[in-house]
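Participant: My structure file input.txt, compact mmCIF, C-alpha atoms and all ligand atoms, is below:
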# COMPACT_ATOMS: atom_id res chain seq x y z
CA MET A 228 27.61 6.20 61.07
CA GLN A 229 29.28 9.39 59.85
CA ASN A 230 32.56 7.51 59.70
CA TYR A 231 30.91 4.75 57.70
CA PHE A 232 29.86 7.28 55.00
CA LYS A 233 33.27 8.89 55.02
CA LYS A 234 34.89 5.49 54.57
CA HIS A 235 32.68 4.56 51.65
CA LEU A 236 32.37 7.99 50.12
CA PHE A 237 34.25 7.05 47.00
CA ALA A 238 32.15 3.90 46.42
CA ILE A 239 28.86 5.80 46.92
CA PHE A 240 30.05 8.57 44.61
CA SER A 241 30.99 5.99 41.95
CA ILE A 242 27.58 4.29 42.12
CA ILE A 243 25.71 7.61 41.82
CA THR A 244 27.91 8.67 38.86
CA PHE A 245 27.28 5.32 37.16
CA ILE A 246 23.49 5.76 37.53
CA ILE A 247 23.54 9.36 36.29
CA VAL A 248 25.59 8.47 33.21
CA THR A 249 24.05 5.15 32.14
CA ILE A 250 20.30 5.68 32.68
CA PRO A 251 19.97 8.61 30.25
CA LEU A 252 22.06 6.68 27.70
CA TYR A 253 19.59 3.82 27.90
CA PHE A 254 16.70 6.17 27.17
CA VAL A 255 18.55 7.87 24.29
CA ASN A 256 19.03 4.52 22.60
CA GLU A 257 15.42 3.54 23.14
CA CYS A 258 13.92 6.79 21.85
CA PRO A 259 11.99 6.36 18.61
CA THR A 260 12.54 8.78 15.73
CA PRO A 261 10.58 11.90 16.67
CA ALA A 262 7.49 12.59 14.59
CA GLY A 263 8.24 14.90 11.72
CA VAL A 264 11.87 13.86 11.38
CA SER A 265 12.85 11.51 8.61
CA GLU A 266 14.57 8.36 9.78
CA TYR A 267 17.03 8.88 6.96
CA THR A 268 19.99 11.21 7.04
CA ASP A 269 19.46 14.52 5.34
CA ASP A 270 21.44 14.66 2.09
CA GLU A 271 23.03 17.99 2.94
CA THR A 272 25.01 16.36 5.73
CA LEU A 273 26.56 13.73 3.46
CA SER A 274 29.87 13.90 1.62
CA LYS A 275 29.96 13.33 -2.15
CA GLY A 276 31.09 9.69 -1.79
CA GLN A 277 28.31 8.97 0.70
CA LYS A 278 25.71 10.62 -1.54
CA GLU A 279 26.59 8.30 -4.39
CA SER A 280 26.24 5.27 -2.14
CA VAL A 281 22.84 6.35 -0.73
CA LYS A 282 20.26 4.12 -2.37
CA THR A 283 17.47 3.95 0.17
CA PRO A 284 14.14 5.73 -0.35
CA PHE A 285 13.34 8.93 1.50
CA ILE A 286 10.30 8.33 3.71
CA ILE A 287 8.23 11.24 4.99
CA ASN A 288 7.16 10.73 8.59
CA GLY A 289 5.69 14.08 9.59
CA ASP A 290 3.79 16.93 8.00
CA LEU A 291 3.95 16.88 4.21
CA SER A 292 4.30 20.66 4.41
CA ASP A 293 7.83 20.11 5.83
CA PHE A 294 9.00 18.19 2.78
CA LYS A 295 11.92 19.79 0.99
CA THR A 296 14.40 17.17 -0.21
CA GLN A 297 15.46 17.44 -3.83
CA ASP A 298 17.40 14.38 -4.93
CA PRO A 299 16.57 12.96 -8.36
CA PHE A 300 18.12 9.59 -7.59
CA ARG A 301 16.25 8.80 -4.39
CA PRO A 302 12.59 7.65 -4.45
CA VAL A 303 10.22 9.41 -2.03
CA TYR A 304 7.35 7.75 -0.16
CA ASP A 305 4.91 8.63 2.59
CA ASN A 306 4.74 6.66 5.83
CA PHE A 307 1.00 7.41 6.07
CA THR A 308 -2.06 7.06 3.86
CA ILE A 309 -4.17 10.18 3.37
CA SER A 310 -6.82 8.97 5.84
CA GLN A 311 -4.14 8.21 8.45
CA ARG A 312 -2.79 11.74 7.99
CA GLN A 313 -6.25 13.22 8.37
CA ASN A 314 -6.98 11.15 11.47
CA GLN A 315 -3.74 12.23 13.11
CA GLY A 316 -4.14 15.90 12.18
CA LEU A 317 -1.08 15.85 9.89
CA SER A 318 -1.08 18.08 6.82
CA THR A 319 -1.55 16.53 3.40
CA ALA A 320 -0.69 19.37 1.02
CA LEU A 321 2.92 19.64 -0.11
CA PRO A 322 4.81 22.95 -0.06
CA LYS A 323 5.98 24.51 -3.31
CA ILE A 324 8.99 22.40 -4.28
CA GLU A 325 11.83 23.75 -6.37
CA PRO A 326 12.01 21.61 -9.55
CA TYR A 327 15.28 19.77 -10.21
CA TYR A 328 16.66 20.98 -13.51
CA HIS A 329 20.00 19.55 -14.45
CA GLU A 330 21.44 19.15 -17.91
CA LYS A 331 21.04 15.57 -19.20
CA THR A 332 18.66 13.89 -16.79
CA VAL A 333 16.36 11.19 -18.12
CA TYR A 334 13.51 9.41 -16.35
CA LEU A 335 12.48 6.00 -17.73
CA THR A 336 8.85 5.29 -16.78
CA PHE A 337 6.84 2.08 -17.16
CA ASP A 338 3.04 1.99 -16.78
CA ASP A 339 0.41 -0.69 -16.14
CA GLY A 340 2.33 -3.25 -14.03
CA PRO A 341 2.86 -5.22 -11.95
CA ASN A 342 3.11 -8.66 -13.54
CA ASP A 343 5.61 -11.50 -13.38
CA ASP A 344 6.53 -11.54 -17.05
CA ILE A 345 7.43 -8.28 -18.82
CA GLU A 346 8.04 -6.48 -15.51
CA ILE A 347 10.63 -9.04 -14.38
CA ALA A 348 12.44 -8.82 -17.72
CA ILE A 349 12.55 -5.02 -17.44
CA LEU A 350 13.85 -5.20 -13.87
CA ASP A 351 16.57 -7.63 -14.95
CA ILE A 352 17.71 -5.29 -17.74
CA LEU A 353 17.74 -2.27 -15.40
CA LYS A 354 19.80 -4.26 -12.91
CA GLN A 355 22.23 -5.38 -15.57
CA GLU A 356 22.62 -1.81 -16.86
CA GLN A 357 22.69 -0.39 -13.31
CA VAL A 358 20.08 2.29 -14.00
CA LYS A 359 16.97 3.31 -12.08
CA ALA A 360 13.44 3.83 -13.39
CA THR A 361 9.90 4.63 -12.24
CA PHE A 362 6.95 2.20 -12.31
CA PHE A 363 3.33 3.42 -12.25
CA LEU A 364 1.44 0.42 -10.90
CA LEU A 365 -2.22 -0.54 -10.83
CA GLY A 366 -3.86 -1.03 -7.44
CA ASN A 367 -5.99 -4.00 -8.45
CA LYS A 368 -2.93 -6.01 -9.55
CA LEU A 369 -0.77 -5.41 -6.49
CA HIS A 370 -2.10 -8.36 -4.50
CA ASP A 371 -1.39 -10.71 -7.42
CA TYR A 372 2.33 -9.83 -7.54
CA PRO A 373 3.43 -8.56 -4.13
CA ASP A 374 6.95 -9.93 -4.63
CA VAL A 375 7.37 -7.97 -7.85
CA VAL A 376 6.18 -4.80 -6.09
CA LYS A 377 8.67 -5.42 -3.28
CA ARG A 378 11.47 -6.07 -5.75
CA ILE A 379 10.83 -2.74 -7.50
CA TYR A 380 10.92 -1.02 -4.11
CA ASN A 381 13.97 -2.88 -2.80
CA GLU A 382 15.97 -2.23 -5.95
CA ASN A 383 15.37 1.49 -5.32
CA HIS A 384 13.29 2.28 -8.36
CA ALA A 385 10.43 4.70 -7.76
CA ILE A 386 6.82 3.49 -7.57
CA GLY A 387 3.84 5.60 -8.58
CA ASN A 388 0.07 5.18 -8.29
CA HIS A 389 -1.66 4.51 -11.65
CA SER A 390 -5.20 4.22 -10.16
CA TYR A 391 -6.97 1.09 -8.97
CA THR A 392 -8.83 -0.14 -12.06
CA HIS A 393 -7.54 1.88 -15.09
CA ILE A 394 -11.15 1.93 -16.34
CA TYR A 395 -11.66 5.41 -17.81
CA GLU A 396 -15.47 5.55 -17.41
CA LYS A 397 -15.20 4.82 -13.69
CA LEU A 398 -12.11 6.89 -13.03
CA TYR A 399 -13.13 10.08 -14.78
CA ASP A 400 -16.73 10.09 -13.65
CA SER A 401 -15.84 12.79 -11.09
CA PRO A 402 -12.82 14.08 -9.14
CA GLY A 403 -14.22 12.12 -6.17
CA SER A 404 -14.17 8.81 -8.04
CA TYR A 405 -10.65 9.47 -9.28
CA ILE A 406 -9.35 10.22 -5.77
CA LYS A 407 -11.21 7.21 -4.39
CA GLU A 408 -9.27 4.93 -6.76
CA LEU A 409 -5.95 6.51 -5.78
CA GLN A 410 -6.76 5.90 -2.13
CA GLN A 411 -7.90 2.32 -2.78
CA ALA A 412 -4.51 1.65 -4.39
CA ASP A 413 -2.69 3.52 -1.58
CA ASP A 414 -4.14 1.18 1.04
CA ILE A 415 -2.66 -1.83 -0.75
CA PHE A 416 0.73 -0.14 -1.32
CA LYS A 417 0.81 0.59 2.41
CA GLU A 418 -0.10 -2.99 3.23
CA ILE A 419 2.60 -4.50 0.98
CA LEU A 420 5.41 -1.95 1.37
CA GLY A 421 4.60 -0.15 4.61
CA VAL A 422 4.57 3.15 2.68
CA ARG A 423 2.58 4.72 -0.16
CA PRO A 424 3.69 6.68 -3.23
CA LEU A 425 3.14 10.43 -3.58
CA ILE A 426 3.48 10.39 -7.36
CA THR A 427 0.57 9.46 -9.61
CA ARG A 428 -0.04 9.13 -13.33
CA ALA A 429 -3.55 9.45 -14.75
CA PRO A 430 -4.41 6.48 -17.02
CA GLY A 431 -4.66 7.74 -20.60
CA GLY A 432 -3.13 11.06 -19.51
CA ILE A 433 -4.79 14.19 -18.21
CA VAL A 434 -5.82 15.68 -21.55
CA GLY A 435 -9.58 15.41 -21.96
CA ASN A 436 -9.86 13.67 -18.59
CA PHE A 437 -8.99 16.28 -15.96
CA THR A 438 -10.88 19.47 -15.17
CA ASP A 439 -9.64 22.16 -12.76
CA GLU A 440 -11.44 20.36 -9.92
CA TYR A 441 -9.22 17.29 -10.39
CA TRP A 442 -6.07 19.42 -10.01
CA LEU A 443 -7.45 21.14 -6.91
CA GLU A 444 -8.20 17.81 -5.25
CA LEU A 445 -4.74 16.43 -6.07
CA GLU A 446 -3.10 19.54 -4.68
CA ARG A 447 -5.18 19.49 -1.50
CA LEU A 448 -4.20 15.88 -0.83
CA GLY A 449 -0.52 16.19 -1.80
CA TYR A 450 -0.55 13.95 -4.87
CA ILE A 451 1.96 14.80 -7.61
CA GLU A 452 0.58 14.08 -11.09
CA VAL A 453 3.33 13.06 -13.50
CA GLY A 454 3.08 13.33 -17.28
CA TRP A 455 5.64 12.46 -19.95
CA ASN A 456 7.37 14.34 -22.75
CA ILE A 457 8.68 11.45 -24.83
CA SER A 458 6.37 8.71 -26.00
CA SER A 459 8.14 5.51 -27.00
CA GLY A 460 4.99 4.59 -28.97
CA ASP A 461 5.00 1.10 -27.43
CA ALA A 462 1.23 1.26 -26.91
CA SER A 463 0.89 0.89 -30.71
CA ASP A 464 2.22 -2.02 -32.74
CA GLY A 465 5.74 -0.67 -33.28
CA THR A 466 8.83 -2.85 -33.50
CA ALA A 467 11.80 -2.39 -31.17
CA GLU A 468 13.48 -0.37 -33.95
CA ASP A 469 10.43 1.90 -34.21
CA LEU A 470 10.49 2.57 -30.46
CA ILE A 471 14.19 3.48 -30.53
CA ASP A 472 13.67 5.76 -33.56
CA ASN A 473 10.68 7.45 -31.88
CA ILE A 474 12.70 8.27 -28.79
CA ILE A 475 15.76 9.56 -30.69
CA HIS A 476 13.58 11.66 -33.00
CA GLN A 477 11.87 13.38 -30.06
CA LEU A 478 15.15 13.89 -28.17
CA ASP A 479 16.68 15.55 -31.23
CA ASN A 480 13.75 17.85 -31.86
CA PHE A 481 12.81 19.25 -28.46
CA PRO A 482 15.59 21.10 -26.57
CA ILE A 483 13.44 21.11 -23.39
CA LEU A 484 14.07 17.36 -23.10
CA GLN A 485 17.77 17.79 -22.45
CA ASP A 486 17.28 18.57 -18.76
CA HIS A 487 14.25 16.42 -18.04
CA ALA A 488 13.34 13.74 -20.55
CA ILE A 489 10.44 11.69 -19.18
CA ILE A 490 9.99 8.62 -21.38
CA LEU A 491 6.68 6.74 -21.43
CA MET A 492 6.84 2.96 -21.84
CA HIS A 493 4.63 0.08 -20.74
CA SER A 494 5.36 -3.05 -18.74
CA SER A 495 2.03 -4.84 -19.20
CA PRO A 496 1.81 -8.23 -20.99
CA GLY A 497 2.41 -8.09 -24.75
CA HIS A 498 5.23 -5.54 -24.61
CA GLU A 499 8.02 -7.82 -25.79
CA GLU A 500 9.22 -5.12 -28.21
CA THR A 501 9.78 -2.78 -25.26
CA ILE A 502 12.03 -5.41 -23.68
CA LYS A 503 13.90 -5.85 -26.96
CA ALA A 504 14.40 -2.11 -27.37
CA LEU A 505 15.29 -1.26 -23.76
CA PRO A 506 19.02 -2.19 -23.71
CA GLN A 507 19.60 -0.14 -26.87
CA ILE A 508 17.57 2.81 -25.52
CA ILE A 509 19.69 2.80 -22.34
CA LYS A 510 22.92 2.50 -24.36
CA ILE A 511 22.03 5.51 -26.53
CA LEU A 512 21.08 7.62 -23.50
CA LYS A 513 24.30 6.67 -21.72
CA GLU A 514 26.35 7.55 -24.81
CA ARG A 515 24.66 10.94 -24.89
CA GLY A 516 25.69 11.52 -21.27
CA PHE A 517 22.30 11.23 -19.56
CA ALA A 518 21.97 10.39 -15.85
CA PHE A 519 18.99 8.17 -14.98
CA GLY A 520 16.78 9.73 -12.31
CA VAL A 521 13.66 8.48 -10.57
CA ILE A 522 10.46 10.54 -10.47
CA THR A 523 10.06 12.48 -7.21
CA PRO A 524 8.00 15.49 -6.13
CA SER A 525 10.85 17.69 -7.41
CA THR A 526 10.91 16.28 -10.96
CA PRO A 527 10.07 19.20 -13.29
CA PRO A 528 6.60 19.08 -14.90
CA ALA A 529 6.93 17.33 -18.28
CA TRP A 530 6.47 20.36 -20.53
CA GLU A 531 7.63 23.15 -18.26
CA ASN A 532 10.75 25.11 -19.18
CA LYS A 533 13.43 25.96 -16.70
CA LYS A 534 12.77 29.48 -15.42
CA SER A 535 15.87 31.61 -15.76
ZN ZN A 601 -1.94 3.00 -18.18
Once more with this new file: its structure as structure tokens, please.
Ligand SMILES: [Zn+2]
Facilitator:
Amino acid sequence: MQNYFKKHLFAIFSIITFIIVTIPLYFVNECPTPAGVSEYTDDETLSKGQKESVKTPFIINGDLSDFKTQDPFRPVYDNFTISQRQNQGLSTALPKIEPYYHEKTVYLTFDDGPNDDIEIAILDILKQEQVKATFFLLGNKLHDYPDVVKRIYNENHAIGNHSYTHIYEKLYDSPGSYIKELQQADDIFKEILGVRPLITRAPGGIVGNFTDEYWLELERLGYIEVGWNISSGDASDGTAEDLIDNIIHQLDNFPILQDHAIILMHSSPGHEETIKALPQIIKILKERGFAFGVITPSTPPAWENKKS
């Protein structure tokens, strides 16, 4: 018997080595991404060429308090809804995030979609011009145009939550009713996209609508409210020329806009003049050397100055 082992020692040794080496490899490949670690590569580990080619959204998988990425060209979403976070004991509040100030960054934003008319035309222009933008969408329209919502996401524009109904009397009845609408919309974003936005924009803006309690609730739940600092004026009856003039006039008169110009436009039905003006608006901004960012938690607040 001893001789038998001696004779086959090499074969037995080989089999044991094979098992030791291959079984752990199998488990390594099968391991899911650990909770709290983004499935996407951290930007700091990428070379410049790779950074430029990165187009995919950054998806937060763990505690929101761990969030720290600061890339103005990469949309950010959450893998969980607020209630899922609460049920799993994951934090909802975001840490203090350093704002991204960089000379000549513009953020095109479009409110009140989705639809399959104006929104599609805007997406086609953005694709043609190879620039990114941010869309603040309404929860109660998402189910009508899921393909448009997916297209916005897949073309790596950012998506924000613009409430469920957009009805001021309902929304601004109390902080609770406002948050309820955000969460109603979140559930549908999650259903269609598998993720939900962190960024929100209050219909009609915050002025006269928000009290301190609204801000406290948003902060507690990790929502980032996003304003604007350039109004295209497309909510009034302006022509395409008027919209272009409005934007140029504001750009020329407010130095703060040079490092974070956040332009408000609308993508709801009836905004044909916005479509007409958009190629020219993009051309002017490109000529002035602006880079086109998407809104993220690190976008500077609309009217805040860079702290020196
Ligand atoms: Zn709106």
Participant: Identify, counting only C-alpha atoms and all ligand atoms, the protein, DNA and RNA residues located within 7 Å of ligand ZN 601 (chain A), and give them as a PyMOL selection string.
Facilitator: chain A and resi 338-339+389+393+430-431
Participant: Find the residues near Ile433 in chain A: any atom within 12 Å, counting all atoms listed in the file, skip ones fewer than 6 places away on the same chain, and give them as a list in words.
Facilitator: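 The filter keeps Tyr395, Leu398, Tyr399, Tyr405, Thr427, Asp439, Tyr441, Trp442, Glu452, Val453, Gly454 and Trp455 of chain A.
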Participant: Using all atoms listed in the file, determine which residues lie at most 12 Å from Thr319 in chain A, disregarding the query and same-chain residues fewer than 4 positions distant; provide the list as a ChimeraX atom specification.
Facilitator: /A:287-294,305-315,425,444-451
Participant: Could you name the residues that touch Lys359 in chain A at 12 Å or less, counting only C-alpha atoms, but leaving out those on the same chain fewer than 6 positions away, as an MDAnalysis selection string?
Facilitator: chainID A and resid 282 299:302 332:337 349:353 379:386 509 518:522
Participant: Using Å and a single decimal, report how far CA of Val358 in chain A sits from CA of Asp371 in chain A.
Facilitator: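 Taking CA of Asp371 in chain A and CA of Val358 in chain A, their separation equals 25.9 Å.
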Participant: Smallest atom-to-atom distance to Leu443 in chain A: which of A:Gly403, A:Gly366, A:Gly497, A:Pro506, using all atoms listed in the file?
Facilitator: A:Gly403
Participant: For CA of Phe517 in chain A and CA of Lys331 in chain A, quote the distance in Å rounded to one decimal.
Facilitator: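 Calculated distance between CA of Phe517 in chain A and CA of Lys331 in chain A is 4.5 Å.
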Participant: May I ask which of the residues A:Arg428, A:Lys513, A:His476, A:Lys533 is the closest one to Leu365 in chain A, counting only C-alpha atoms?
Facilitator: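 Checking each candidate against Leu365 in chain A, we get A:Arg428 as the closest.
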Participant: Between CA of Pro341 in chain A and CA of Gly387 in chain A, what distance in Å does the model show, to one decimal?
Facilitator: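 Going from CA of Pro341 in chain A over to CA of Gly387 in chain A, I get 11.4 Å.
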Participant: Taking 5 positions as the minimum chain separation for residues in the same chain, which residues sit within 9 Å of Glu499 in chain A when counting only C-alpha atoms? Answer as a list in words.
Facilitator: Ile345, Ala467, Ser494 and Ala504 of chain A
Participant: So, with only C-alpha atoms as the atoms that count, which of A:Leu317, A:Tyr327, A:Leu484, A:Asp461 lies closest to Lys295 in chain A?
Facilitator: A:Tyr327
Participant: Name the residues in contact with Trp530 in chain A at a cut-off of 12 Å, using all atoms listed in the file, excluding same-chain residues fewer than 3 positions from it; report them as a PyMOL selection string.
Facilitator: chain A and resi 453-457+481-489+526-527+533
Participant: Name the closest residue to Gly460 in chain A among the candidates A:Ile475, A:Ile419, A:Ala429, A:Met492; distances are taken between atoms, counting only C-alpha atoms.
Facilitator: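 Using only C-alpha atoms, the shortest distance to Gly460 in chain A belongs to A:Met492.
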Participant: At a cut-off of 10 Å around the point (4.8, -7.1, -7.7) (file coordinates), what residues fall inside when counting all atoms listed in the file? I'd like the answer as an MDAnalysis selection string.
Facilitator: chainID A and resid 340:343 346:347 364 368:380 419
Participant: Those selected residues, please, written with C-alpha atoms and delivered as a CSV table (one decimal), keeping the file's coordinate frame.
Facilitator:
chain,number,residue,atom,x,y,z
A,340,GLY,CA,2.3,-3.2,-14.0
A,341,PRO,CA,2.9,-5.2,-12.0
A,342,ASN,CA,3.1,-8.7,-13.5
A,343,ASP,CA,5.6,-11.5,-13.4
A,346,GLU,CA,8.0,-6.5,-15.5
A,347,ILE,CA,10.6,-9.0,-14.4
A,364,LEU,CA,1.4,0.4,-10.9
A,368,LYS,CA,-2.9,-6.0,-9.6
A,369,LEU,CA,-0.8,-5.4,-6.5
A,370,HIS,CA,-2.1,-8.4,-4.5
A,371,ASP,CA,-1.4,-10.7,-7.4
A,372,TYR,CA,2.3,-9.8,-7.5
A,373,PRO,CA,3.4,-8.6,-4.1
A,374,ASP,CA,7.0,-9.9,-4.6
A,375,VAL,CA,7.4,-8.0,-7.8
A,376,VAL,CA,6.2,-4.8,-6.1
A,377,LYS,CA,8.7,-5.4,-3.3
A,378,ARG,CA,11.5,-6.1,-5.8
A,379,ILE,CA,10.8,-2.7,-7.5
A,380,TYR,CA,10.9,-1.0,-4.1
A,419,ILE,CA,2.6,-4.5,1.0
Participant: With distances taken over only C-alpha atoms, which residue among A:Asn367, A:Asn473, A:Ser463, A:Gln410 lies nearest Ile394 in chain A?
Facilitator: A:Asn367
Participant: With distances taken over only C-alpha atoms, which residue among A:Leu491, A:Ile415, A:Ile508, A:Ile286 lies nearest Thr361 in chain A?
Facilitator: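 For Thr361 in chain A, the nearest of the candidates is A:Leu491.
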